[in-house]
>>> print(open('final22.pdb').read())   # PDB, C-alpha atoms, pLDDT in the B column
ATOM      1  CA  MET A 744     -93.405 -82.837 -40.936  1.00 57.00           C
ATOM      2  CA  ARG A 745     -93.834 -84.617 -44.223  1.00 73.00           C
ATOM      3  CA  ASN A 746     -93.467 -88.332 -44.874  1.00 80.00           C
ATOM      4  CA  LYS A 747     -90.139 -89.690 -46.056  1.00 79.00           C
ATOM      5  CA  SER A 748     -89.892 -91.225 -49.495  1.00 88.00           C
ATOM      6  CA  GLU A 749     -89.091 -94.906 -49.955  1.00 89.00           C
ATOM      7  CA  THR A 750     -85.702 -94.056 -51.445  1.00 89.00           C
ATOM      8  CA  ARG A 751     -84.761 -91.997 -48.414  1.00 88.00           C
ATOM      9  CA  LYS A 752     -85.899 -94.757 -46.050  1.00 89.00           C
ATOM     10  CA  GLU A 753     -83.760 -97.290 -47.921  1.00 90.00           C
ATOM     11  CA  LEU A 754     -80.773 -94.938 -47.850  1.00 89.00           C
ATOM     12  CA  GLU A 755     -81.128 -94.364 -44.100  1.00 88.00           C
ATOM     13  CA  GLN A 756     -81.361 -98.110 -43.466  1.00 89.00           C
ATOM     14  CA  SER A 757     -78.251 -98.813 -45.516  1.00 89.00           C
ATOM     15  CA  VAL A 758     -76.276 -96.090 -43.724  1.00 86.00           C
ATOM     16  CA  ARG A 759     -77.444 -97.292 -40.312  1.00 85.00           C
ATOM     17  CA  SER A 760     -76.402-100.852 -41.174  1.00 86.00           C
ATOM     18  CA  LEU A 761     -72.832 -99.598 -41.653  1.00 81.00           C
ATOM     19  CA  LEU A 762     -72.692 -97.817 -38.303  1.00 77.00           C
ATOM     20  CA  PRO A 763     -71.993 -99.706 -35.072  1.00 73.00           C
ATOM     21  CA  GLU A 764     -75.003-100.272 -32.844  1.00 74.00           C
ATOM     22  CA  ASP A 765     -73.227 -99.763 -29.515  1.00 71.00           C
ATOM     23  CA  VAL A 766     -71.234 -96.558 -29.380  1.00 64.00           C
ATOM     24  CA  SER A 767     -69.212 -96.089 -26.222  1.00 63.00           C
ATOM     25  CA  LEU A 768     -67.585 -92.683 -26.081  1.00 58.00           C
ATOM     26  CA  GLY A 769     -64.223 -92.305 -24.404  1.00 60.00           C
ATOM     27  CA  GLU A 770     -63.267 -95.965 -24.735  1.00 60.00           C
ATOM     28  CA  LYS A 771     -60.910 -97.233 -27.399  1.00 58.00           C
ATOM     29  CA  ALA A 772     -62.185-100.006 -29.624  1.00 56.00           C
ATOM     30  CA  ASP A 773     -60.060-103.112 -29.973  1.00 59.00           C
ATOM     31  CA  GLY A 774     -57.155-101.669 -31.927  1.00 57.00           C
ATOM     32  CA  GLU A 775     -59.271 -99.760 -34.432  1.00 64.00           C
ATOM     33  CA  THR A 776     -58.044 -96.294 -33.502  1.00 72.00           C
ATOM     34  CA  PRO A 777     -54.404 -96.746 -34.642  1.00 79.00           C
ATOM     35  CA  ASN A 778     -55.578 -98.261 -37.933  1.00 81.00           C
ATOM     36  CA  ILE A 779     -57.959 -95.401 -38.617  1.00 83.00           C
ATOM     37  CA  ALA A 780     -55.293 -92.863 -37.687  1.00 85.00           C
ATOM     38  CA  ALA A 781     -52.783 -94.529 -40.026  1.00 87.00           C
ATOM     39  CA  ILE A 782     -55.280 -94.490 -42.888  1.00 89.00           C
ATOM     40  CA  GLY A 783     -56.031 -90.818 -42.233  1.00 90.00           C
ATOM     41  CA  LEU A 784     -52.370 -89.844 -42.148  1.00 92.00           C
ATOM     42  CA  GLY A 785     -51.714 -91.873 -45.283  1.00 93.00           C
ATOM     43  CA  GLY A 786     -54.528 -90.026 -47.027  1.00 93.00           C
ATOM     44  CA  LEU A 787     -53.188 -86.646 -45.958  1.00 95.00           C
ATOM     45  CA  PHE A 788     -49.684 -87.512 -47.119  1.00 96.00           C
ATOM     46  CA  THR A 789     -50.973 -88.841 -50.443  1.00 95.00           C
ATOM     47  CA  GLY A 790     -53.030 -85.683 -50.998  1.00 94.00           C
ATOM     48  CA  TYR A 791     -50.076 -83.452 -50.197  1.00 95.00           C
ATOM     49  CA  LEU A 792     -47.787 -85.412 -52.505  1.00 94.00           C
ATOM     50  CA  TRP A 793     -50.362 -85.421 -55.328  1.00 93.00           C
ATOM     51  CA  GLY A 794     -50.873 -81.654 -55.024  1.00 93.00           C
ATOM     52  CA  PHE A 795     -47.135 -81.006 -54.904  1.00 92.00           C
ATOM     53  CA  LEU A 796     -46.471 -83.076 -58.034  1.00 90.00           C
ATOM     54  CA  ARG A 797     -49.463 -81.584 -59.849  1.00 89.00           C
ATOM     55  CA  GLY A 798     -48.229 -78.084 -59.018  1.00 87.00           C
ATOM     56  CA  ARG A 799     -44.779 -78.873 -60.376  1.00 81.00           C
ATOM     57  CA  LYS A 800     -46.235 -80.230 -63.635  1.00 75.00           C
ATOM     58  CA  SER A 801     -48.390 -77.149 -64.195  1.00 70.00           C
ATOM     59  CA  GLY A 802     -45.435 -74.884 -63.353  1.00 64.00           C
ATOM     60  CA  LYS A 803     -43.310 -76.540 -66.010  1.00 62.00           C
ATOM     61  CA  ALA A 804     -46.072 -76.090 -68.603  1.00 58.00           C
ATOM     62  CA  ARG A 805     -46.178 -72.306 -68.001  1.00 59.00           C
ATOM     63  CA  ARG A 806     -42.453 -71.780 -68.315  1.00 55.00           C
TER      64      ARG A 806
END
>>> encode(input="final22.pdb", output="structure tokens")
Amino acid sequence: MRNKSETRKELEQSVRSLLPEDVSLGEKADGETPNIAAIGLGGLFTGYLWGFLRGRKSGKARR
């Protein structure tokens, strides 16, 4: 196994600093799950709406 470069080490440290240190599987965090779910659903809805409107614009251009 080869040695990691300094850039990769810095990247790994920055990513690990974002992640929680104590991960308990199967237990809900203090109200984080509904917020994350709402953000995810909002993103899906926004993507669907954006694709729908983009499809309508390109359809009008072809006609």
>>> atom_distance(input="final22.pdb", atom1="atom CA of A:Ala780", atom2="atom CA of A:Glu755")
26.7 Å
>>> atom_distance(input="final22.pdb", atom1="atom CA of A:Arg797", atom2="atom CA of A:Ala781")
23.9 Å
>>> axis_aligned_box(input="final22.pdb", around="stretch 779-793 of chain A", padding_each_side="5 Å", output="JSON")
{"center_x": -52.9, "center_y": -89.4, "center_z": -46.5, "size_x": 20.2, "size_y": 21.9, "size_z": 27.6}
>>> atom_distance(input="final22.pdb", atom1="atom CA of A:Arg759", atom2="atom CA of A:Pro777")
23.7 Å
